[in-house]
$ cat start.pdb   # PDB, C-alpha atoms
ATOM      1  CA  MET A  16     -29.520  -7.561   2.128
ATOM      2  CA  ILE A  17     -26.732  -6.396  -0.176
ATOM      3  CA  SER A  18     -27.827  -4.430  -3.200
ATOM      4  CA  ALA A  19     -27.397  -5.947  -6.669
ATOM      5  CA  ARG A  20     -24.965  -3.173  -7.527
ATOM      6  CA  SER A  21     -22.777  -3.952  -4.489
ATOM      7  CA  THR A  22     -22.813  -7.664  -5.296
ATOM      8  CA  LEU A  23     -21.708  -6.990  -8.859
ATOM      9  CA  ILE A  24     -18.880  -4.758  -7.701
ATOM     10  CA  LEU A  25     -17.710  -7.360  -5.189
ATOM     11  CA  LEU A  26     -17.628 -10.029  -7.886
ATOM     12  CA  MET A  27     -15.657  -7.714 -10.158
ATOM     13  CA  LEU A  28     -13.154  -6.949  -7.415
ATOM     14  CA  ALA A  29     -12.764 -10.630  -6.621
ATOM     15  CA  SER A  30     -11.694 -11.238 -10.197
ATOM     16  CA  LEU A  31      -8.853  -8.754  -9.982
ATOM     17  CA  ALA A  32      -5.783 -10.944  -9.832
ATOM     18  CA  LEU A  33      -2.406 -10.032 -11.208
ATOM     19  CA  PRO A  34      -0.012 -12.755 -12.441
ATOM     20  CA  VAL A  35       1.643 -14.754  -9.694
ATOM     21  CA  CYS A  36       5.254 -15.846  -9.351
ATOM     22  CA  PRO A  37       6.329 -18.768 -11.560
ATOM     23  CA  ALA A  38       5.629 -22.256 -10.226
ATOM     24  CA  GLY A  39       8.187 -23.254  -7.642
ATOM     25  CA  ALA A  40       9.379 -19.692  -6.983
ATOM     26  CA  GLN A  41      10.469 -19.161  -3.395
ATOM     27  CA  ALA A  42      10.136 -16.070  -1.212
ATOM     28  CA  PRO A  43      13.528 -14.333  -0.966
ATOM     29  CA  ARG A  44      15.590 -14.692   2.186
ATOM     30  CA  ALA A  45      16.944 -11.751   4.139
ATOM     31  CA  GLY A  46      18.847  -9.626   1.645
ATOM     32  CA  PRO A  47      22.482  -8.557   1.532
ATOM     33  CA  ARG A  48      23.914  -5.449   3.138
ATOM     34  CA  GLU A  49      22.570  -2.220   1.689
ATOM     35  CA  THR A  50      24.799  -0.268  -0.691
ATOM     36  CA  LEU A  51      23.976   3.049  -2.317
ATOM     37  CA  ASP A  52      23.115   2.904  -6.016
ATOM     38  CA  ALA A  53      24.785   6.177  -7.007
ATOM     39  CA  LYS A  54      23.384   6.262 -10.539
ATOM     40  CA  LEU A  55      19.815   5.746  -9.361
ATOM     41  CA  GLN A  56      20.290   8.169  -6.468
ATOM     42  CA  ASN A  57      21.342  10.964  -8.816
ATOM     43  CA  GLN A  58      18.447  10.256 -11.166
ATOM     44  CA  LEU A  59      15.848  10.305  -8.401
ATOM     45  CA  GLN A  60      17.264  13.435  -6.805
ATOM     46  CA  GLU A  61      16.837  15.180 -10.135
ATOM     47  CA  LEU A  62      13.222  13.979 -10.400
ATOM     48  CA  VAL A  63      12.272  15.409  -6.992
ATOM     49  CA  ARG A  64      14.395  18.580  -7.191
ATOM     50  CA  ASP A  65      11.633  20.964  -8.266
ATOM     51  CA  PHE A  66       8.733  19.315  -6.457
ATOM     52  CA  ARG A  67       6.625  21.808  -4.534
ATOM     53  CA  GLY A  68       6.501  19.918  -1.262
ATOM     54  CA  ARG A  69       8.499  17.455   0.811
ATOM     55  CA  VAL A  70       9.370  14.071  -0.685
ATOM     56  CA  GLY A  71      10.389  10.883   1.089
ATOM     57  CA  LEU A  72      11.688   7.930  -0.888
ATOM     58  CA  TYR A  73      13.209   4.525  -0.285
ATOM     59  CA  VAL A  74      14.068   1.923  -2.922
ATOM     60  CA  ARG A  75      15.830  -1.425  -2.491
ATOM     61  CA  HIS A  76      16.732  -4.132  -4.986
ATOM     62  CA  LEU A  77      16.356  -7.209  -2.821
ATOM     63  CA  PRO A  78      18.858  -9.596  -4.478
ATOM     64  CA  THR A  79      21.745  -7.111  -4.487
ATOM     65  CA  GLY A  80      20.934  -4.735  -1.617
ATOM     66  CA  ARG A  81      21.330  -1.667  -3.850
ATOM     67  CA  ILE A  82      19.287   1.214  -2.463
ATOM     68  CA  SER A  83      18.317   4.802  -3.079
ATOM     69  CA  ALA A  84      17.035   6.948  -0.220
ATOM     70  CA  ILE A  85      15.763  10.522   0.102
ATOM     71  CA  ASN A  86      14.428  11.560   3.514
ATOM     72  CA  ALA A  87      13.841   7.832   4.025
ATOM     73  CA  ASP A  88      13.729   8.027   7.833
ATOM     74  CA  GLU A  89      11.573  11.136   8.121
ATOM     75  CA  LEU A  90       7.999  10.894   9.391
ATOM     76  CA  PHE A  91       5.266  11.190   6.768
ATOM     77  CA  PRO A  92       1.499  10.639   6.788
ATOM     78  CA  THR A  93       0.450   7.216   5.594
ATOM     79  CA  ALA A  94      -3.051   8.095   4.377
ATOM     80  CA  SER A  95      -4.479   4.749   3.162
ATOM     81  CA  MET A  96      -1.114   2.976   3.315
ATOM     82  CA  ILE A  97      -1.963   2.467   7.003
ATOM     83  CA  LYS A  98      -4.181  -0.344   5.743
ATOM     84  CA  VAL A  99      -1.039  -2.497   5.411
ATOM     85  CA  PRO A 100      -0.420  -2.490   9.211
ATOM     86  CA  ILE A 101      -4.163  -2.921   9.763
ATOM     87  CA  LEU A 102      -4.080  -5.937   7.433
ATOM     88  CA  ILE A 103      -1.267  -7.437   9.481
ATOM     89  CA  GLY A 104      -3.112  -6.750  12.740
ATOM     90  CA  LEU A 105      -6.240  -8.427  11.397
ATOM     91  CA  PHE A 106      -4.319 -11.507  10.218
ATOM     92  CA  ASP A 107      -2.561 -11.665  13.571
ATOM     93  CA  ALA A 108      -5.971 -11.855  15.257
ATOM     94  CA  ILE A 109      -7.036 -14.556  12.792
ATOM     95  CA  ASP A 110      -3.809 -16.488  13.383
ATOM     96  CA  ARG A 111      -4.442 -16.374  17.137
ATOM     97  CA  GLY A 112      -7.961 -17.720  16.680
ATOM     98  CA  VAL A 113      -9.761 -14.538  17.745
ATOM     99  CA  LEU A 114     -11.846 -14.727  14.553
ATOM    100  CA  GLY A 115     -11.919 -16.774  11.383
ATOM    101  CA  PHE A 116     -11.035 -15.721   7.860
ATOM    102  CA  ARG A 117     -14.326 -17.184   6.600
ATOM    103  CA  SER A 118     -16.378 -15.943   9.570
ATOM    104  CA  ASP A 119     -19.506 -13.929   8.802
ATOM    105  CA  LEU A 120     -19.849 -10.411  10.190
ATOM    106  CA  VAL A 121     -22.989  -8.284  10.457
ATOM    107  CA  TYR A 122     -22.761  -4.792   8.994
ATOM    108  CA  ARG A 123     -24.411  -1.963  10.916
ATOM    109  CA  ASP A 124     -25.059   1.579   9.721
ATOM    110  CA  SER A 125     -23.120   2.842  12.742
ATOM    111  CA  LEU A 126     -19.934   1.504  11.107
ATOM    112  CA  LEU A 127     -20.248   3.851   8.119
ATOM    113  CA  TYR A 128     -17.377   6.233   7.461
ATOM    114  CA  PRO A 129     -18.837   8.983   5.203
ATOM    115  CA  GLY A 130     -17.549   8.871   1.658
ATOM    116  CA  GLU A 131     -17.857   6.729  -1.454
ATOM    117  CA  ASP A 132     -17.079   3.394   0.188
ATOM    118  CA  LEU A 133     -18.637   0.231  -1.235
ATOM    119  CA  LEU A 134     -19.346  -1.128   2.224
ATOM    120  CA  GLY A 135     -21.411   1.988   2.931
ATOM    121  CA  SER A 136     -23.893   0.867   0.269
ATOM    122  CA  PHE A 137     -24.720  -2.261   2.290
ATOM    123  CA  ARG A 138     -28.019  -2.372   4.154
ATOM    124  CA  ASP A 139     -28.061  -2.430   7.926
ATOM    125  CA  GLY A 140     -27.927  -6.081   8.990
ATOM    126  CA  ALA A 141     -26.227  -7.332   5.822
ATOM    127  CA  ARG A 142     -23.682 -10.109   6.284
ATOM    128  CA  ILE A 143     -20.129 -10.094   4.948
ATOM    129  CA  SER A 144     -17.221 -12.468   5.558
ATOM    130  CA  VAL A 145     -13.879 -11.381   6.997
ATOM    131  CA  SER A 146     -12.245 -12.439   3.722
ATOM    132  CA  LYS A 147     -14.439 -10.031   1.735
ATOM    133  CA  LEU A 148     -13.752  -7.289   4.277
ATOM    134  CA  VAL A 149     -10.056  -7.735   3.436
ATOM    135  CA  LEU A 150     -10.884  -7.562  -0.265
ATOM    136  CA  LEU A 151     -12.693  -4.248   0.178
ATOM    137  CA  MET A 152     -10.053  -2.763   2.483
ATOM    138  CA  ILE A 153      -7.046  -3.561   0.287
ATOM    139  CA  SER A 154      -8.340  -3.813  -3.287
ATOM    140  CA  ALA A 155     -10.847  -0.952  -3.165
ATOM    141  CA  SER A 156      -9.183   0.906  -0.262
ATOM    142  CA  ASP A 157     -12.572   1.054   1.463
ATOM    143  CA  ASN A 158     -12.264   3.202   4.599
ATOM    144  CA  THR A 159     -15.343   1.807   6.335
ATOM    145  CA  ALA A 160     -13.974  -1.718   5.858
ATOM    146  CA  ALA A 161     -10.543  -0.669   7.133
ATOM    147  CA  LEU A 162     -11.860   0.980  10.292
ATOM    148  CA  TRP A 163     -13.956  -2.119  10.972
ATOM    149  CA  ALA A 164     -10.878  -4.307  10.407
ATOM    150  CA  GLN A 165      -8.866  -2.076  12.736
ATOM    151  CA  ASP A 166     -11.440  -2.668  15.462
ATOM    152  CA  LEU A 167     -11.519  -6.430  14.820
ATOM    153  CA  ALA A 168      -7.725  -6.503  15.113
ATOM    154  CA  GLY A 169      -7.983  -5.126  18.647
ATOM    155  CA  GLY A 170      -7.773  -1.458  17.731
ATOM    156  CA  GLY A 171      -4.847   0.772  16.925
ATOM    157  CA  THR A 172      -3.186  -0.014  20.251
ATOM    158  CA  ALA A 173      -2.933  -3.739  19.455
ATOM    159  CA  ILE A 174      -1.656  -3.064  15.938
ATOM    160  CA  ASN A 175       0.944  -0.615  17.263
ATOM    161  CA  GLN A 176       2.098  -3.158  19.827
ATOM    162  CA  TRP A 177       2.667  -5.701  17.036
ATOM    163  CA  LEU A 178       4.644  -3.109  15.082
ATOM    164  CA  ASP A 179       6.771  -2.279  18.126
ATOM    165  CA  ARG A 180       7.466  -5.940  18.887
ATOM    166  CA  ASN A 181       8.628  -6.468  15.329
ATOM    167  CA  GLY A 182      11.063  -3.563  15.182
ATOM    168  CA  PHE A 183       8.938  -0.836  13.568
ATOM    169  CA  VAL A 184       9.577   2.127  15.835
ATOM    170  CA  THR A 185       7.850   4.926  13.903
ATOM    171  CA  THR A 186       5.001   3.310  11.935
ATOM    172  CA  ARG A 187       1.842   3.769  13.973
ATOM    173  CA  VAL A 188      -1.947   3.853  13.740
ATOM    174  CA  ASN A 189      -3.118   7.215  15.110
ATOM    175  CA  SER A 190      -6.843   7.462  14.402
ATOM    176  CA  ARG A 191      -9.183   6.036  17.054
ATOM    177  CA  THR A 192      -6.139   5.107  19.143
ATOM    178  CA  PRO A 193      -6.023   6.358  22.770
ATOM    179  CA  GLY A 194      -3.019   8.558  23.539
ATOM    180  CA  ARG A 195      -2.247   9.354  19.905
ATOM    181  CA  GLU A 196      -4.558  12.337  19.438
ATOM    182  CA  ARG A 197      -1.680  14.774  18.914
ATOM    183  CA  ASN A 198      -0.098  12.478  16.322
ATOM    184  CA  ARG A 199      -3.437  12.204  14.533
ATOM    185  CA  THR A 200      -3.700  15.992  14.349
ATOM    186  CA  GLU A 201      -0.261  16.190  12.728
ATOM    187  CA  HIS A 202      -0.152  13.060  10.558
ATOM    188  CA  GLY A 203      -3.728  11.839  10.186
ATOM    189  CA  TRP A 204      -4.848   8.193  10.313
ATOM    190  CA  GLY A 205      -1.306   6.859  10.458
ATOM    191  CA  GLN A 206       2.367   7.751  10.265
ATOM    192  CA  THR A 207       5.456   6.021   8.910
ATOM    193  CA  THR A 208       8.796   6.510   7.199
ATOM    194  CA  PRO A 209       9.458   5.426   3.612
ATOM    195  CA  ARG A 210      12.029   2.888   4.818
ATOM    196  CA  GLU A 211       9.752   1.301   7.406
ATOM    197  CA  MET A 212       6.723   1.042   5.124
ATOM    198  CA  ALA A 213       8.868  -0.571   2.431
ATOM    199  CA  ASN A 214      10.379  -2.983   4.941
ATOM    200  CA  LEU A 215       6.899  -3.909   6.163
ATOM    201  CA  LEU A 216       6.034  -5.031   2.648
ATOM    202  CA  VAL A 217       9.310  -6.968   2.395
ATOM    203  CA  MET A 218       8.497  -8.704   5.666
ATOM    204  CA  ILE A 219       5.199  -9.900   4.197
ATOM    205  CA  ARG A 220       6.926 -10.966   0.957
ATOM    206  CA  GLU A 221       9.476 -13.012   2.871
ATOM    207  CA  GLY A 222       6.842 -14.817   4.948
ATOM    208  CA  ARG A 223       7.894 -13.209   8.233
ATOM    209  CA  ALA A 224       4.733 -11.223   9.040
ATOM    210  CA  VAL A 225       2.520 -13.095  11.561
ATOM    211  CA  SER A 226       3.206 -16.516   9.972
ATOM    212  CA  PRO A 227       4.281 -17.874   6.590
ATOM    213  CA  ALA A 228       0.680 -18.842   5.765
ATOM    214  CA  ALA A 229      -0.716 -15.458   6.806
ATOM    215  CA  SER A 230       2.017 -13.683   4.848
ATOM    216  CA  GLU A 231       1.141 -15.595   1.685
ATOM    217  CA  GLU A 232      -2.519 -14.599   1.821
ATOM    218  CA  MET A 233      -1.712 -10.984   2.709
ATOM    219  CA  TYR A 234       0.639 -10.802  -0.247
ATOM    220  CA  ARG A 235      -2.073 -12.147  -2.549
ATOM    221  CA  ALA A 236      -4.441  -9.459  -1.261
ATOM    222  CA  LEU A 237      -1.881  -6.723  -1.953
ATOM    223  CA  GLY A 238      -1.511  -8.038  -5.502
ATOM    224  CA  ARG A 239      -5.179  -7.311  -6.289
ATOM    225  CA  VAL A 240      -5.268  -3.517  -6.051
ATOM    226  CA  TYR A 241      -7.967  -1.639  -7.954
ATOM    227  CA  TRP A 242      -6.116   1.701  -7.963
ATOM    228  CA  THR A 243      -3.601   1.131 -10.765
ATOM    229  CA  GLY A 244      -3.392   4.644 -12.160
ATOM    230  CA  GLU A 245      -0.136   5.800 -10.580
ATOM    231  CA  ALA A 246       3.039   3.807  -9.814
ATOM    232  CA  VAL A 247       1.529   0.493 -10.922
ATOM    233  CA  SER A 248       0.617   1.973 -14.315
ATOM    234  CA  THR A 249       4.278   2.269 -15.324
ATOM    235  CA  ILE A 250       5.014  -1.441 -14.781
ATOM    236  CA  PRO A 251       4.062  -4.095 -17.361
ATOM    237  CA  PRO A 252       0.724  -5.777 -16.555
ATOM    238  CA  THR A 253       2.413  -9.171 -16.918
ATOM    239  CA  VAL A 254       4.590  -8.448 -13.883
ATOM    240  CA  GLN A 255       3.234  -8.993 -10.385
ATOM    241  CA  VAL A 256       3.104  -5.927  -8.162
ATOM    242  CA  ALA A 257       1.985  -5.980  -4.532
ATOM    243  CA  ALA A 258       1.060  -2.418  -3.655
ATOM    244  CA  LYS A 259      -0.956  -0.016  -1.546
ATOM    245  CA  GLN A 260      -1.722   3.601  -2.332
ATOM    246  CA  GLY A 261      -2.571   6.572  -0.119
ATOM    247  CA  ALA A 262      -3.750  10.124  -0.703
ATOM    248  CA  VAL A 263      -5.037  13.116   1.235
ATOM    249  CA  ASP A 264      -5.173  16.739   0.142
ATOM    250  CA  ASP A 265      -1.493  17.597   0.655
ATOM    251  CA  SER A 266       0.036  14.122   0.400
ATOM    252  CA  ARG A 267       0.288  11.354  -2.215
ATOM    253  CA  SER A 268       1.954   8.012  -1.539
ATOM    254  CA  GLU A 269       2.474   4.484  -2.762
ATOM    255  CA  VAL A 270       4.376   1.450  -1.560
ATOM    256  CA  GLY A 271       5.038  -1.467  -3.865
ATOM    257  CA  LEU A 272       7.059  -4.634  -4.314
ATOM    258  CA  VAL A 273       7.730  -5.557  -7.926
ATOM    259  CA  SER A 274       8.587  -9.120  -9.010
ATOM    260  CA  SER A 275      10.768  -8.000 -11.899
ATOM    261  CA  PRO A 276      12.902 -10.374 -14.011
ATOM    262  CA  SER A 277      16.116  -9.007 -12.484
ATOM    263  CA  GLY A 278      14.810  -9.721  -9.001
ATOM    264  CA  ASP A 279      12.312  -8.176  -6.612
ATOM    265  CA  TYR A 280      12.587  -4.498  -5.787
ATOM    266  CA  VAL A 281      10.605  -2.545  -3.232
ATOM    267  CA  PHE A 282       9.823   1.151  -3.205
ATOM    268  CA  CYS A 283       7.952   3.610  -1.040
ATOM    269  CA  ILE A 284       7.289   7.167  -2.185
ATOM    270  CA  ILE A 285       5.525   9.678   0.085
ATOM    271  CA  THR A 286       4.935  13.412  -0.188
ATOM    272  CA  LYS A 287       3.685  15.946   2.341
ATOM    273  CA  GLY A 288       3.005  19.665   2.350
ATOM    274  CA  GLN A 289       2.147  19.612  -1.344
ATOM    275  CA  ALA A 290       1.335  22.954  -2.932
ATOM    276  CA  ASP A 291      -0.852  21.175  -5.490
ATOM    277  CA  GLN A 292      -3.915  19.801  -3.697
ATOM    278  CA  SER A 293      -5.989  19.019  -6.782
ATOM    279  CA  TRP A 294      -7.598  15.616  -7.333
ATOM    280  CA  THR A 295      -6.929  15.025 -11.009
ATOM    281  CA  SER A 296      -4.371  12.680 -12.562
ATOM    282  CA  SER A 297      -2.222  15.736 -13.328
ATOM    283  CA  ASN A 298      -1.709  16.451  -9.621
ATOM    284  CA  GLU A 299       2.020  17.004  -9.054
ATOM    285  CA  GLY A 300       2.144  14.208  -6.480
ATOM    286  CA  PHE A 301       0.457  11.687  -8.762
ATOM    287  CA  VAL A 302       2.748  12.705 -11.616
ATOM    288  CA  LEU A 303       5.782  12.255  -9.363
ATOM    289  CA  LEU A 304       4.651   8.741  -8.381
ATOM    290  CA  ARG A 305       4.390   7.771 -12.038
ATOM    291  CA  ARG A 306       7.722   9.327 -13.020
ATOM    292  CA  ILE A 307       9.646   7.722 -10.179
ATOM    293  CA  SER A 308       8.051   4.304 -10.745
ATOM    294  CA  ALA A 309       8.848   4.494 -14.471
ATOM    295  CA  ALA A 310      12.453   5.437 -13.674
ATOM    296  CA  LEU A 311      12.782   2.482 -11.303
ATOM    297  CA  TRP A 312      11.453  -0.005 -13.845
ATOM    298  CA  GLN A 313      13.772   1.317 -16.552
ATOM    299  CA  HIS A 314      16.728   1.281 -14.148
ATOM    300  CA  PHE A 315      16.258  -2.320 -13.024
ATOM    301  CA  GLU A 316      15.063  -3.612 -16.419
ATOM    302  CA  PRO A 317      17.001  -1.530 -18.996
ATOM    303  CA  LYS A 318      16.541  -4.085 -21.792
ATOM    304  CA  ASN A 319      12.773  -4.262 -21.435
ATOM    305  CA  GLN A 320      11.082  -2.279 -24.192
ATOM    306  CA  TRP A 321       7.553  -2.225 -22.757
ATOM    307  CA  VAL A 322       5.723   1.100 -22.601
ATOM    308  CA  PRO A 323       2.098   1.753 -21.585
ATOM    309  CA  ALA A 324      -0.328   1.442 -24.499
ATOM    310  CA  ARG A 325      -1.520   4.677 -26.024
ATOM    311  CA  GLY A 326      -4.777   5.795 -24.433
ATOM    312  CA  VAL A 327      -4.556   3.403 -21.489
ATOM    313  CA  GLU A 328      -5.163   6.294 -19.088
ATOM    314  CA  ARG A 329      -8.815   6.209 -20.167
ATOM    315  CA  PHE A 330      -9.164   2.871 -18.402
ATOM    316  CA  LYS A 331      -7.636   3.911 -15.076
ATOM    317  CA  PRO A 332      -9.938   4.509 -12.077
TER     318      PRO A 332
END

$ encode --input "start.pdb" --output "structure tokens"
Amino acid sequence: MISARSTLILLMLASLALPVCPAGAQAPRAGPRETLDAKLQNQLQELVRDFRGRVGLYVRHLPTGRISAINADELFPTASMIKVPILIGLFDAIDRGVLGFRSDLVYRDSLLYPGEDLLGSFRDGARISVSKLVLLMISASDNTAALWAQDLAGGGTAINQWLDRNGFVTTRVNSRTPGRERNRTEHGWGQTTPREMANLLVMIREGRAVSPAASEEMYRALGRVYWTGEAVSTIPPTVQVAAKQGAVDDSRSEVGLVSSPSGDYVFCIITKGQADQSWTSSNEGFVLLRRISAALWQHFEPKNQWVPARGVERFKP
């Protein structure tokens, strides 16, 4: 059985839904040729100049193709951002009929990944649907749920094969994936570049990941994130953001696609080799995520006067 506390938390997570696109809005088509946004590039280079660690960054305004890029094709650890490729691998298995989105699964204690995961509070033998597994993996960034989803998708090898077939040459699942032990030692659970992780999110947004129907549901899942304290916190709550965050001791990261009034823009910010390995909101990596996200919003929406409400940080997880 699932404890009352776990049931309550699941219901709360299920209610997390950011505003959706206006009625009749269509997913954008493949964007125009990329051109460097010199003003934004200079601003972002100044923001990262004194950071004590390596920073990778890629930003693209989808309607115009304007970009900014800093170490955008360099390998970085994904941390929990690897749950985006795992999500795609799981939906690919669902689309192929390997399992159903509403199918019930049986949780076993052997699946537990030590930590503070919600799924770890389930009793051995408890039942959970695939759809709720997705909710836990993406919204709460539950590691036990994600590793279970990785296995259901056919393992890291199957997910990496999908990535390779679809033109992602560097983004890979490393953990629990035969032949990638050395990569796991260097990069952890997964590896990517800022450009590829951003483009993966764009592929979902445009309905090109697995199938249009699968892409729609994946995008809805990414719009229900619980961890809103960093990049998402600098964007008005009335604006839809599909995002995934990641963090390990020496790395902080976030990928997001913002449905702003001027048109969608995507960003991916990743750090590695951070000197500051603290776990408070004042961590230099977390601060950088917030500063860059705020700069992007102000750059693409200069007439918007919204600012976060005073004291809102008290309500961030």

$ closest_atom_pairs --input "start.pdb" --of "stretch 159-263 of chain A" --to "stretch 305-314 of chain A" --cutoff "7 Å" --atoms "only C-alpha atoms" --output "Markdown table"
| residue | atom | partner | partner_atom | distance |
| --- | --- | --- | --- | --- |
| A:Glu245 | CA | A:Arg305 | CA | 5.1 |
| A:Ala246 | CA | A:Arg305 | CA | 4.7 |
| A:Thr249 | CA | A:Ala309 | CA | 5.2 |
| A:Ile250 | CA | A:Trp312 | CA | 6.7 |

$ closest_residue --input "start.pdb" --among "A:Leu72, A:Met152, A:Leu272, A:Ala84" --to "A:Thr50" --atoms "only C-alpha atoms"
A:Ala84

$ residues_around --input "start.pdb" --residues "A:Asp291" --least-positions-apart "3" --cutoff "8 Å" --atoms "all atoms listed in the file" --output "PyMOL selection string"
chain A and resi 67+265+298-300

$ residues_around --input "start.pdb" --residues "A:Gln260" --least-positions-apart "4" --cutoff "12 Å" --atoms "only C-alpha atoms" --output "number ranges by chain"
A: 92-99, 152-157, 212, 237, 240-247, 266-271, 282-285, 301, 304

$ resolve_selection --input "start.pdb" --expression "the PyMOL selection byres ((chain A and resi 127) around 10)" --output "ChimeraX atom specification"
/A:122-126,128-130,132,134-137,158-160,162-163

$ closest_residue --input "start.pdb" --among "A:Pro332, A:Pro251, A:Pro193, A:Gly169" --to "A:Glu316" --atoms "all atoms listed in the file"
A:Pro251

$ closest_atom_pairs --input "start.pdb" --of "stretch 46-157 of chain A" --to "stretch 214-231 of chain A" --cutoff "10 Å" --atoms "all atoms listed in the file" --output "CSV"
residue,atom,partner,partner_atom,distance
A:Gly46,CA,A:Val217,CA,9.9
A:Tyr73,CA,A:Asn214,CA,9.6
A:Val74,CA,A:Asn214,CA,10.0
A:Arg75,CA,A:Asn214,CA,9.3
A:Leu77,CA,A:Val217,CA,8.8
A:Val99,CA,A:Leu216,CA,8.0
A:Pro100,CA,A:Leu215,CA,8.1
A:Ile103,CA,A:Ala224,CA,7.1
A:Gly104,CA,A:Val225,CA,8.6
A:Leu105,CA,A:Val225,CA,9.9
A:Phe106,CA,A:Ala229,CA,6.3
A:Asp107,CA,A:Val225,CA,5.6
A:Ala108,CA,A:Val225,CA,9.3
A:Ile109,CA,A:Ala229,CA,8.8
A:Asp110,CA,A:Ala229,CA,7.3
A:Arg111,CA,A:Val225,CA,9.5

$ atom_distance --input "start.pdb" --atom1 "atom CA of A:Arg117" --atom2 "atom CA of A:Leu133"
19.6 Å

$ atom_distance --input "start.pdb" --atom1 "atom CA of A:Gly80" --atom2 "atom CA of A:Glu61"
22.0 Å

$ atom_distance --input "start.pdb" --atom1 "atom CA of A:Glu196" --atom2 "atom CA of A:Thr172"
12.5 Å

$ resolve_selection --input "start.pdb" --expression "the PyMOL selection byres ((chain A and resi 279) around 10)" --output "tab-separated table (two decimals) with C-alpha atoms, in the frame of the given file"
chain	number	residue	atom	x	y	z
A	42	ALA	CA	10.14	-16.07	-1.21
A	43	PRO	CA	13.53	-14.33	-0.97
A	75	ARG	CA	15.83	-1.42	-2.49
A	76	HIS	CA	16.73	-4.13	-4.99
A	77	LEU	CA	16.36	-7.21	-2.82
A	78	PRO	CA	18.86	-9.60	-4.48
A	79	THR	CA	21.74	-7.11	-4.49
A	217	VAL	CA	9.31	-6.97	2.40
A	220	ARG	CA	6.93	-10.97	0.96
A	255	GLN	CA	3.23	-8.99	-10.38
A	256	VAL	CA	3.10	-5.93	-8.16
A	272	LEU	CA	7.06	-4.63	-4.31
A	273	VAL	CA	7.73	-5.56	-7.93
A	274	SER	CA	8.59	-9.12	-9.01
A	275	SER	CA	10.77	-8.00	-11.90
A	276	PRO	CA	12.90	-10.37	-14.01
A	277	SER	CA	16.12	-9.01	-12.48
A	278	GLY	CA	14.81	-9.72	-9.00
A	280	TYR	CA	12.59	-4.50	-5.79
A	281	VAL	CA	10.60	-2.54	-3.23
A	315	PHE	CA	16.26	-2.32	-13.02

$ closest_residue --input "start.pdb" --among "A:Val302, A:Ala213, A:Val149, A:Ile101" --to "A:Asn189" --atoms "all atoms listed in the file"
A:Ile101

$ closest_residue --input "start.pdb" --among "A:His202, A:Arg210, A:Arg197, A:Arg64" --to "A:Val184" --atoms "all atoms listed in the file"
A:Arg210

$ closest_residue --input "start.pdb" --among "A:Val263, A:Arg69, A:Leu151, A:Phe91" --to "A:Asn198" --atoms "all atoms listed in the file"
A:Phe91

$ resolve_selection --input "start.pdb" --expression "the PyMOL selection byres ((chain A and resi 322-327) around 8)" --output "list in words"
Ser248, Thr249, Pro251, Gln320, Trp321, Glu328, Arg329, Phe330 and Lys331 of chain A

$ axis_aligned_box --input "start.pdb" --around "stretch 291-304 of chain A" --padding-each-side "6 Å" --output "JSON"
{"center_x": -0.9, "center_y": 15.0, "center_z": -8.5, "size_x": 25.4, "size_y": 24.4, "size_z": 21.6}

$ closest_residue --input "start.pdb" --among "A:Ile85, A:Met233, A:Leu90, A:Ala258" --to "A:Leu51" --atoms "all atoms listed in the file"
A:Ile85

$ residues_around --input "start.pdb" --residues "A:Lys54" --least-positions-apart "4" --cutoff "10 Å" --atoms "all atoms listed in the file" --output "MDAnalysis selection string"
chainID A and resid 58:59 83 314

$ build_atoms --input "start.pdb" --residues "stretch 88-94 of chain A" --atoms "N, CA, C and O atoms" --output "mmCIF file, in the coordinates of the input"
data_model
loop_
_atom_site.group_PDB
_atom_site.id
_atom_site.type_symbol
_atom_site.label_atom_id
_atom_site.label_comp_id
_atom_site.auth_asym_id
_atom_site.auth_seq_id
_atom_site.Cartn_x
_atom_site.Cartn_y
_atom_site.Cartn_z
ATOM 1 N N ASP A 88 14.026 8.273 6.426
ATOM 2 C CA ASP A 88 13.729 8.027 7.833
ATOM 3 C C ASP A 88 12.964 9.180 8.475
ATOM 4 O O ASP A 88 12.888 9.279 9.700
ATOM 5 N N GLU A 89 12.382 10.017 7.646
ATOM 6 C CA GLU A 89 11.573 11.136 8.121
ATOM 7 C C GLU A 89 10.111 10.699 8.221
ATOM 8 O O GLU A 89 9.637 9.900 7.423
ATOM 9 N N LEU A 90 9.405 11.243 9.214
ATOM 10 C CA LEU A 90 7.999 10.894 9.391
ATOM 11 C C LEU A 90 7.124 11.527 8.306
ATOM 12 O O LEU A 90 7.264 12.716 8.002
ATOM 13 N N PHE A 91 6.221 10.735 7.767
ATOM 14 C CA PHE A 91 5.266 11.190 6.768
ATOM 15 C C PHE A 91 3.895 10.615 7.103
ATOM 16 O O PHE A 91 3.791 9.581 7.767
ATOM 17 N N PRO A 92 2.826 11.233 6.626
ATOM 18 C CA PRO A 92 1.499 10.639 6.788
ATOM 19 C C PRO A 92 1.352 9.413 5.903
ATOM 20 O O PRO A 92 1.866 9.379 4.785
ATOM 21 N N THR A 93 0.660 8.416 6.394
ATOM 22 C CA THR A 93 0.450 7.216 5.594
ATOM 23 C C THR A 93 -0.744 7.339 4.657
ATOM 24 O O THR A 93 -0.780 6.687 3.617
ATOM 25 N N ALA A 94 -1.748 8.152 5.038
ATOM 26 C CA ALA A 94 -3.051 8.095 4.377
ATOM 27 C C ALA A 94 -3.465 6.619 4.342
ATOM 28 O O ALA A 94 -3.290 5.902 5.325
#
